[in-house]
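Pasted below: structure.cif, mmCIF, N, CA and C atoms.
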```cif
data_target
loop_
_atom_site.label_atom_id
_atom_site.label_comp_id
_atom_site.auth_asym_id
_atom_site.auth_seq_id
_atom_site.Cartn_x
_atom_site.Cartn_y
_atom_site.Cartn_z
N GLN A 1 2.17 -25.70 2.87
CA GLN A 1 2.23 -25.39 1.45
C GLN A 1 1.27 -24.23 1.17
N PRO A 2 1.79 -23.07 0.69
CA PRO A 2 0.91 -21.93 0.41
C PRO A 2 0.04 -22.19 -0.82
N ARG A 3 -1.15 -21.62 -0.77
CA ARG A 3 -2.01 -21.64 -1.95
C ARG A 3 -1.71 -20.38 -2.74
N VAL A 4 -1.70 -20.47 -4.06
CA VAL A 4 -1.40 -19.33 -4.92
C VAL A 4 -2.62 -19.05 -5.78
N ALA A 5 -3.03 -17.77 -5.82
CA ALA A 5 -4.15 -17.36 -6.66
C ALA A 5 -3.69 -16.24 -7.57
N GLN A 6 -3.99 -16.34 -8.86
CA GLN A 6 -3.69 -15.26 -9.79
C GLN A 6 -4.81 -14.24 -9.71
N LEU A 7 -4.46 -12.98 -9.57
CA LEU A 7 -5.43 -11.91 -9.46
C LEU A 7 -5.27 -10.95 -10.63
N PRO A 8 -6.37 -10.50 -11.24
CA PRO A 8 -6.25 -9.54 -12.34
C PRO A 8 -5.99 -8.13 -11.80
N VAL A 9 -4.75 -7.86 -11.44
CA VAL A 9 -4.41 -6.61 -10.78
C VAL A 9 -4.41 -5.44 -11.75
N THR A 10 -3.83 -5.61 -12.93
CA THR A 10 -3.74 -4.52 -13.90
C THR A 10 -4.05 -5.05 -15.29
N PRO A 11 -4.34 -4.15 -16.21
CA PRO A 11 -4.52 -4.60 -17.60
C PRO A 11 -3.22 -5.16 -18.19
N VAL A 12 -2.08 -4.80 -17.57
CA VAL A 12 -0.78 -5.23 -18.08
C VAL A 12 -0.53 -6.70 -17.76
N GLY A 13 -1.01 -7.16 -16.60
CA GLY A 13 -0.75 -8.54 -16.23
C GLY A 13 -1.31 -8.86 -14.86
N PRO A 14 -1.30 -10.14 -14.51
CA PRO A 14 -1.87 -10.56 -13.23
C PRO A 14 -0.91 -10.32 -12.08
N GLY A 15 -1.48 -10.28 -10.90
CA GLY A 15 -0.68 -10.26 -9.69
C GLY A 15 -0.69 -11.66 -9.11
N VAL A 16 -0.05 -11.81 -7.99
CA VAL A 16 -0.01 -13.12 -7.33
C VAL A 16 -0.36 -12.92 -5.87
N ALA A 17 -1.28 -13.74 -5.37
CA ALA A 17 -1.59 -13.74 -3.95
C ALA A 17 -1.16 -15.07 -3.37
N LEU A 18 -0.33 -15.02 -2.35
CA LEU A 18 0.05 -16.22 -1.63
C LEU A 18 -0.79 -16.28 -0.37
N VAL A 19 -1.54 -17.35 -0.22
CA VAL A 19 -2.41 -17.51 0.95
C VAL A 19 -1.87 -18.66 1.77
N HIS A 20 -1.40 -18.36 2.97
CA HIS A 20 -0.85 -19.38 3.85
C HIS A 20 -1.88 -19.76 4.91
N ASP A 21 -2.09 -21.04 5.12
CA ASP A 21 -2.92 -21.48 6.23
C ASP A 21 -2.11 -21.33 7.51
N VAL A 22 -2.79 -20.94 8.57
CA VAL A 22 -2.09 -20.76 9.84
C VAL A 22 -1.79 -22.11 10.47
N MET A 23 -0.72 -22.14 11.23
CA MET A 23 -0.35 -23.37 11.93
C MET A 23 -1.27 -23.60 13.12
N ASP A 24 -1.63 -22.53 13.81
CA ASP A 24 -2.48 -22.60 15.00
C ASP A 24 -3.93 -22.38 14.57
N LYS A 25 -4.72 -23.41 14.55
CA LYS A 25 -6.11 -23.31 14.09
C LYS A 25 -6.97 -22.42 14.98
N LEU A 26 -6.50 -22.09 16.18
CA LEU A 26 -7.24 -21.19 17.06
C LEU A 26 -6.93 -19.72 16.78
N GLU A 27 -5.94 -19.47 15.93
CA GLU A 27 -5.55 -18.10 15.60
C GLU A 27 -6.64 -17.42 14.78
N GLU A 28 -7.12 -16.28 15.25
CA GLU A 28 -8.20 -15.57 14.58
C GLU A 28 -7.68 -14.46 13.67
N ASN A 29 -6.44 -14.06 13.83
CA ASN A 29 -5.90 -12.95 13.07
C ASN A 29 -5.52 -13.36 11.66
N SER A 30 -5.58 -12.38 10.77
CA SER A 30 -5.06 -12.55 9.42
C SER A 30 -4.20 -11.33 9.11
N ALA A 31 -3.35 -11.46 8.13
CA ALA A 31 -2.51 -10.34 7.72
C ALA A 31 -2.43 -10.31 6.21
N VAL A 32 -2.49 -9.11 5.67
CA VAL A 32 -2.39 -8.92 4.23
C VAL A 32 -1.32 -7.86 3.98
N GLU A 33 -0.41 -8.15 3.07
CA GLU A 33 0.56 -7.18 2.62
C GLU A 33 0.49 -7.14 1.10
N VAL A 34 0.23 -5.97 0.56
CA VAL A 34 0.17 -5.78 -0.88
C VAL A 34 1.30 -4.84 -1.26
N LEU A 35 2.13 -5.26 -2.20
CA LEU A 35 3.26 -4.46 -2.66
C LEU A 35 3.11 -4.19 -4.15
N PHE A 36 3.16 -2.90 -4.50
CA PHE A 36 3.21 -2.51 -5.90
C PHE A 36 4.62 -1.98 -6.16
N GLN A 37 5.39 -2.70 -6.96
CA GLN A 37 6.75 -2.27 -7.26
C GLN A 37 6.70 -1.10 -8.23
N GLY A 38 7.53 -0.09 -7.93
CA GLY A 38 7.52 1.11 -8.76
C GLY A 38 8.76 1.25 -9.63
N GLY A 39 9.81 0.53 -9.29
CA GLY A 39 11.03 0.63 -10.07
C GLY A 39 12.23 0.28 -9.23
N THR A 40 13.38 0.65 -9.75
CA THR A 40 14.63 0.35 -9.08
C THR A 40 15.48 1.61 -8.98
N THR A 41 16.24 1.71 -7.93
CA THR A 41 17.17 2.83 -7.80
C THR A 41 18.56 2.43 -8.26
N ARG A 42 18.73 1.21 -8.71
CA ARG A 42 20.04 0.75 -9.19
C ARG A 42 20.46 1.61 -10.38
N GLY A 43 21.67 2.06 -10.35
CA GLY A 43 22.15 2.94 -11.41
C GLY A 43 22.00 4.40 -11.02
N GLY A 44 21.02 4.69 -10.18
CA GLY A 44 20.85 6.01 -9.59
C GLY A 44 20.69 7.17 -10.55
N ASP A 45 20.20 6.94 -11.78
CA ASP A 45 20.06 8.09 -12.67
C ASP A 45 18.89 8.97 -12.22
N ALA A 46 18.85 10.17 -12.73
CA ALA A 46 17.88 11.18 -12.27
C ALA A 46 16.44 10.74 -12.49
N ALA A 47 16.16 10.07 -13.59
CA ALA A 47 14.78 9.64 -13.87
C ALA A 47 14.29 8.63 -12.84
N LYS A 48 15.15 7.71 -12.43
CA LYS A 48 14.77 6.72 -11.42
C LYS A 48 14.54 7.38 -10.07
N LEU A 49 15.40 8.32 -9.72
CA LEU A 49 15.23 9.02 -8.44
C LEU A 49 13.98 9.90 -8.46
N GLN A 50 13.66 10.48 -9.60
CA GLN A 50 12.43 11.27 -9.75
C GLN A 50 11.21 10.38 -9.54
N ARG A 51 11.23 9.19 -10.13
CA ARG A 51 10.11 8.26 -9.96
C ARG A 51 9.95 7.84 -8.51
N LEU A 52 11.06 7.60 -7.82
CA LEU A 52 11.01 7.27 -6.40
C LEU A 52 10.38 8.41 -5.61
N ALA A 53 10.78 9.64 -5.89
CA ALA A 53 10.21 10.80 -5.19
C ALA A 53 8.71 10.91 -5.46
N GLU A 54 8.29 10.68 -6.69
CA GLU A 54 6.87 10.74 -7.04
C GLU A 54 6.08 9.65 -6.29
N LEU A 55 6.68 8.49 -6.19
CA LEU A 55 6.03 7.40 -5.49
C LEU A 55 5.90 7.72 -3.99
N GLN A 56 6.89 8.37 -3.42
CA GLN A 56 6.83 8.76 -2.01
C GLN A 56 5.72 9.78 -1.78
N VAL A 57 5.54 10.70 -2.71
CA VAL A 57 4.44 11.67 -2.60
C VAL A 57 3.10 10.95 -2.71
N LEU A 58 2.98 10.03 -3.66
CA LEU A 58 1.74 9.27 -3.82
C LEU A 58 1.40 8.50 -2.55
N ALA A 59 2.38 7.83 -1.97
CA ALA A 59 2.14 7.08 -0.73
C ALA A 59 1.70 8.01 0.38
N SER A 60 2.29 9.18 0.43
CA SER A 60 1.91 10.15 1.46
C SER A 60 0.48 10.63 1.28
N VAL A 61 0.07 10.85 0.03
CA VAL A 61 -1.32 11.26 -0.25
C VAL A 61 -2.29 10.17 0.19
N MET A 62 -1.96 8.91 -0.06
CA MET A 62 -2.87 7.81 0.24
C MET A 62 -2.88 7.39 1.71
N SER A 63 -1.78 7.57 2.40
CA SER A 63 -1.59 6.99 3.73
C SER A 63 -2.71 7.32 4.72
N ASP A 64 -3.00 8.60 4.92
CA ASP A 64 -4.02 8.99 5.90
C ASP A 64 -5.40 8.48 5.51
N GLN A 65 -5.71 8.57 4.22
CA GLN A 65 -7.02 8.11 3.76
C GLN A 65 -7.17 6.59 3.89
N PHE A 66 -6.08 5.87 3.62
CA PHE A 66 -6.10 4.41 3.76
C PHE A 66 -6.39 4.04 5.21
N TYR A 67 -5.68 4.68 6.13
CA TYR A 67 -5.88 4.41 7.56
C TYR A 67 -7.31 4.79 7.97
N GLU A 68 -7.75 5.96 7.56
CA GLU A 68 -9.09 6.43 7.92
C GLU A 68 -10.17 5.46 7.44
N GLN A 69 -10.03 4.99 6.19
CA GLN A 69 -11.06 4.11 5.64
C GLN A 69 -11.01 2.71 6.25
N LEU A 70 -9.85 2.07 6.21
CA LEU A 70 -9.79 0.66 6.61
C LEU A 70 -9.69 0.45 8.12
N ARG A 71 -9.05 1.37 8.83
CA ARG A 71 -8.92 1.21 10.29
C ARG A 71 -10.07 1.88 11.03
N THR A 72 -10.29 3.16 10.75
CA THR A 72 -11.26 3.92 11.53
C THR A 72 -12.71 3.58 11.13
N ARG A 73 -13.02 3.64 9.85
CA ARG A 73 -14.40 3.39 9.40
C ARG A 73 -14.77 1.92 9.37
N GLU A 74 -13.94 1.11 8.69
CA GLU A 74 -14.28 -0.30 8.51
C GLU A 74 -13.76 -1.18 9.64
N GLN A 75 -12.84 -0.68 10.43
CA GLN A 75 -12.27 -1.40 11.57
C GLN A 75 -11.78 -2.80 11.19
N LEU A 76 -10.98 -2.84 10.12
CA LEU A 76 -10.52 -4.13 9.60
C LEU A 76 -9.30 -4.68 10.31
N GLY A 77 -8.59 -3.83 11.05
CA GLY A 77 -7.40 -4.35 11.69
C GLY A 77 -6.84 -3.39 12.70
N TYR A 78 -6.00 -3.92 13.55
CA TYR A 78 -5.34 -3.08 14.54
C TYR A 78 -4.03 -2.54 13.99
N ILE A 79 -3.55 -3.12 12.91
CA ILE A 79 -2.42 -2.57 12.18
C ILE A 79 -2.90 -2.28 10.77
N VAL A 80 -2.84 -1.01 10.37
CA VAL A 80 -3.24 -0.59 9.03
C VAL A 80 -2.25 0.48 8.59
N SER A 81 -1.57 0.25 7.48
CA SER A 81 -0.60 1.25 7.02
C SER A 81 -0.43 1.20 5.51
N CYS A 82 -0.03 2.33 4.99
CA CYS A 82 0.34 2.49 3.59
C CYS A 82 1.61 3.33 3.59
N ARG A 83 2.65 2.86 2.90
CA ARG A 83 3.91 3.59 2.93
C ARG A 83 4.74 3.28 1.68
N ALA A 84 5.62 4.21 1.38
CA ALA A 84 6.62 3.94 0.35
C ALA A 84 7.70 3.09 1.01
N ASP A 85 8.25 2.16 0.24
CA ASP A 85 9.26 1.25 0.79
C ASP A 85 10.35 1.05 -0.25
N ARG A 86 11.56 0.87 0.24
CA ARG A 86 12.69 0.59 -0.65
C ARG A 86 13.48 -0.54 -0.02
N ASN A 87 13.71 -1.60 -0.78
CA ASN A 87 14.41 -2.76 -0.26
C ASN A 87 15.22 -3.38 -1.39
N GLU A 88 16.49 -3.61 -1.12
CA GLU A 88 17.38 -4.24 -2.10
C GLU A 88 17.37 -3.49 -3.43
N GLY A 89 17.26 -2.16 -3.38
CA GLY A 89 17.31 -1.36 -4.59
C GLY A 89 16.00 -1.26 -5.36
N VAL A 90 14.96 -1.93 -4.87
CA VAL A 90 13.64 -1.90 -5.52
C VAL A 90 12.70 -1.10 -4.64
N PHE A 91 11.96 -0.16 -5.24
CA PHE A 91 11.05 0.64 -4.45
C PHE A 91 9.60 0.40 -4.87
N GLY A 92 8.69 0.67 -3.95
CA GLY A 92 7.28 0.48 -4.23
C GLY A 92 6.43 1.06 -3.12
N ILE A 93 5.14 0.78 -3.21
CA ILE A 93 4.18 1.18 -2.19
C ILE A 93 3.65 -0.09 -1.54
N VAL A 94 3.64 -0.10 -0.21
CA VAL A 94 3.21 -1.27 0.56
C VAL A 94 1.96 -0.91 1.36
N PHE A 95 0.96 -1.78 1.27
CA PHE A 95 -0.26 -1.67 2.07
C PHE A 95 -0.28 -2.86 3.02
N VAL A 96 -0.51 -2.61 4.31
CA VAL A 96 -0.54 -3.68 5.31
C VAL A 96 -1.80 -3.55 6.15
N VAL A 97 -2.50 -4.67 6.34
CA VAL A 97 -3.63 -4.73 7.26
C VAL A 97 -3.50 -6.04 8.04
N GLN A 98 -3.54 -5.94 9.36
CA GLN A 98 -3.50 -7.12 10.22
C GLN A 98 -4.60 -6.98 11.26
N GLY A 99 -5.40 -8.04 11.40
CA GLY A 99 -6.47 -8.02 12.39
C GLY A 99 -7.30 -9.28 12.31
N ALA A 100 -8.37 -9.29 13.09
CA ALA A 100 -9.22 -10.49 13.18
C ALA A 100 -10.62 -10.26 12.62
N ALA A 101 -10.89 -9.08 12.07
CA ALA A 101 -12.25 -8.75 11.65
C ALA A 101 -12.71 -9.53 10.42
N LYS A 102 -11.82 -9.76 9.46
CA LYS A 102 -12.17 -10.41 8.19
C LYS A 102 -11.06 -11.37 7.79
N SER A 103 -11.38 -12.25 6.84
CA SER A 103 -10.35 -13.14 6.31
C SER A 103 -9.38 -12.34 5.45
N ALA A 104 -8.24 -12.92 5.17
CA ALA A 104 -7.23 -12.24 4.37
C ALA A 104 -7.76 -11.89 2.98
N LEU A 105 -8.51 -12.77 2.36
CA LEU A 105 -9.03 -12.48 1.02
C LEU A 105 -10.10 -11.39 1.06
N GLU A 106 -10.89 -11.32 2.14
CA GLU A 106 -11.86 -10.23 2.28
C GLU A 106 -11.13 -8.90 2.47
N VAL A 107 -10.07 -8.89 3.25
CA VAL A 107 -9.28 -7.67 3.45
C VAL A 107 -8.65 -7.25 2.13
N LEU A 108 -8.14 -8.20 1.37
CA LEU A 108 -7.57 -7.90 0.06
C LEU A 108 -8.60 -7.21 -0.83
N GLY A 109 -9.84 -7.67 -0.77
CA GLY A 109 -10.92 -7.04 -1.52
C GLY A 109 -11.17 -5.61 -1.08
N ARG A 110 -11.05 -5.34 0.22
CA ARG A 110 -11.24 -3.97 0.73
C ARG A 110 -10.08 -3.07 0.32
N ILE A 111 -8.87 -3.63 0.26
CA ILE A 111 -7.72 -2.86 -0.23
C ILE A 111 -7.95 -2.50 -1.69
N ASP A 112 -8.40 -3.46 -2.49
CA ASP A 112 -8.70 -3.20 -3.90
C ASP A 112 -9.77 -2.11 -4.04
N ALA A 113 -10.80 -2.16 -3.19
CA ALA A 113 -11.85 -1.14 -3.24
C ALA A 113 -11.28 0.23 -2.91
N PHE A 114 -10.38 0.30 -1.94
CA PHE A 114 -9.73 1.57 -1.62
C PHE A 114 -8.96 2.08 -2.83
N LEU A 115 -8.20 1.19 -3.47
CA LEU A 115 -7.39 1.60 -4.62
C LEU A 115 -8.25 2.18 -5.74
N ASP A 116 -9.49 1.72 -5.86
CA ASP A 116 -10.40 2.27 -6.86
C ASP A 116 -10.71 3.74 -6.61
N THR A 117 -10.55 4.20 -5.35
CA THR A 117 -10.85 5.59 -5.01
C THR A 117 -9.65 6.53 -5.22
N VAL A 118 -8.48 5.97 -5.46
CA VAL A 118 -7.26 6.79 -5.53
C VAL A 118 -7.28 7.81 -6.68
N PRO A 119 -7.72 7.45 -7.90
CA PRO A 119 -7.73 8.48 -8.95
C PRO A 119 -8.55 9.72 -8.56
N GLY A 120 -9.71 9.53 -7.96
CA GLY A 120 -10.51 10.66 -7.51
C GLY A 120 -9.81 11.45 -6.41
N MET A 121 -9.15 10.74 -5.52
CA MET A 121 -8.40 11.37 -4.44
C MET A 121 -7.31 12.29 -5.02
N LEU A 122 -6.63 11.80 -6.05
CA LEU A 122 -5.57 12.60 -6.67
C LEU A 122 -6.13 13.79 -7.43
N ARG A 123 -7.27 13.59 -8.12
CA ARG A 123 -7.89 14.70 -8.84
C ARG A 123 -8.34 15.81 -7.90
N ALA A 124 -8.67 15.45 -6.66
CA ALA A 124 -9.15 16.44 -5.68
C ALA A 124 -8.01 17.31 -5.13
N LYS A 125 -6.78 16.89 -5.32
CA LYS A 125 -5.63 17.66 -4.84
C LYS A 125 -5.24 18.71 -5.88
N THR A 126 -4.94 19.91 -5.41
CA THR A 126 -4.44 20.94 -6.32
C THR A 126 -2.95 20.73 -6.54
N GLU A 127 -2.45 21.34 -7.60
CA GLU A 127 -1.01 21.27 -7.87
C GLU A 127 -0.22 21.87 -6.71
N ALA A 128 -0.75 22.95 -6.13
CA ALA A 128 -0.07 23.59 -5.00
C ALA A 128 -0.01 22.66 -3.80
N GLU A 129 -1.07 21.90 -3.54
CA GLU A 129 -1.07 20.95 -2.41
C GLU A 129 -0.03 19.85 -2.63
N ILE A 130 0.04 19.34 -3.85
CA ILE A 130 1.02 18.29 -4.16
C ILE A 130 2.44 18.84 -4.03
N THR A 131 2.66 20.04 -4.53
CA THR A 131 3.99 20.66 -4.44
C THR A 131 4.38 20.88 -2.98
N GLN A 132 3.45 21.35 -2.18
CA GLN A 132 3.72 21.58 -0.76
C GLN A 132 4.06 20.27 -0.06
N LEU A 133 3.32 19.22 -0.38
CA LEU A 133 3.59 17.91 0.21
C LEU A 133 4.98 17.41 -0.21
N ALA A 134 5.31 17.54 -1.48
CA ALA A 134 6.62 17.10 -1.97
C ALA A 134 7.73 17.90 -1.28
N ASP A 135 7.53 19.20 -1.14
CA ASP A 135 8.54 20.02 -0.47
C ASP A 135 8.72 19.61 0.99
N SER A 136 7.62 19.33 1.68
CA SER A 136 7.74 18.94 3.09
C SER A 136 8.42 17.58 3.23
N LEU A 137 8.17 16.66 2.31
CA LEU A 137 8.86 15.37 2.34
C LEU A 137 10.35 15.56 2.09
N ALA A 138 10.70 16.44 1.16
CA ALA A 138 12.11 16.71 0.89
C ALA A 138 12.79 17.33 2.09
N GLN A 139 12.11 18.29 2.74
CA GLN A 139 12.70 18.93 3.93
C GLN A 139 12.89 17.91 5.06
N ALA A 140 11.95 16.99 5.22
CA ALA A 140 12.08 15.97 6.26
C ALA A 140 13.28 15.07 5.99
N ARG A 141 13.58 14.81 4.74
CA ARG A 141 14.74 13.98 4.40
C ARG A 141 16.05 14.71 4.71
N LEU A 142 16.02 16.03 4.54
CA LEU A 142 17.24 16.83 4.77
C LEU A 142 17.49 17.09 6.24
N ALA A 143 16.45 16.99 7.06
CA ALA A 143 16.59 17.32 8.49
C ALA A 143 17.36 16.25 9.24
#
```
Reformat the file's structure so that it appears as C-alpha cells.
Amino acid sequence: QPRVAQLPVTPVGPGVALVHDVMDKLEENSAVEVLFQGGTTRGGDAAKLQRLAELQVLASVMSDQFYEQLRTREQLGYIVSCRADRNEGVFGIVFVVQGAAKSALEVLGRIDAFLDTVPGMLRAKTEAEITQLADSLAQARLA
C-alpha cells in the first residue's frame, strides 16, 4: 500500500507524492520521478503545439544543469535526467533520479532545490541563445 503525501508544489495547488515501500528490505536504491504536466496536444491547434515547443526548449535548458548539479556535484544517483515527455496526448517535463545515496524524499527535496534555481538560469540566457536552441531542436526533429 503506497503512502501518499500532499506537497505544496505551486501557489495554484498541491502536488502528490506516492511513496512506495520496497519489497526487498535489503534494497538500498531509491527512485524519484517528478512530472510537471504542461498541457495536451489533443486537438492539435497552433497554441498547444507552441506550448509544447516552449516546454521542449525549457527542458533542454534545464537538462545539462540538472545532470551537472544532481549527478556530478551531489552524486545523488547513477541515473539522473530531465526531459520533455509526451504520453497519451499529454506533455510535460520529467525529472528522474535513481540511486542509493539518499532516500526518495531527500532526493525530492534536492529536485525542489534545483527547481528554485531555474528562474535565474533562464534570466542568464540571452534571447539569441534561446532562439538558437529552439532552432537546433527544430532542425533535429526535421532530420
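What separates atom C of Leu55 (chain A) from atom N of Glu106 (chain A) is a distance of 26.1 Å.
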| field | Picked residues, the PyMOL selection byres (((chain A and resi 116-124 and name CA) around 9) and name CA), as number ranges by chain | value | A: 58, 61-62, 65, 111-115, 125-126
| Per DSSP on the backbone, what are the helix (DSSP H, G or I) residues of region 28-136 of chain A, as a ChimeraX atom specification? | /A:46-73,104-123,127-136
| request: Would you work out the distance separating CA of Cys82 (chain A) from CA of Val57 (chain A), expressed in Å to one decimal? | output: 11.8 Å
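Note that atom N of Arg51 (chain A) and atom N of Arg83 (chain A) are 16.8 Å apart.
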| request: Check what the PyMOL selection byres ((chain A and resi 98-103) around 6.5) selects in the file above and give those residues as a VMD selection string. | output: chain A and resid 28 to 32 75 to 80 96 to 97 104 to 108
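Across A:Arg110, A:Thr131, A:Ala138, A:Val90, the tightest approach to Lys48 (chain A) is made by A:Val90 when counting only C-alpha atoms.
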| request: List every residue of chain A that DSSP, applied to the backbone of this structure, places in strand (DSSP E or B), and write the result as a VMD selection string. | output: chain A and resid 3 to 7 15 to 19 30 to 40 79 to 87 90 to 99
| task | Within 8 Å of (9.1, -4.8, -5.6) (coordinates as in the file), grab all the protein and nucleic acid residues, counting only N, CA and C atoms, and write them out as a ChimeraX atom specification. | result | /A:35-39,87,89-93
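Nearest-residue note for Thr40 (chain A): choosing from A:Asp135, A:Glu127, A:Glu74, A:Glu88, the minimum distance belongs to A:Glu88, counting all atoms listed in the file.
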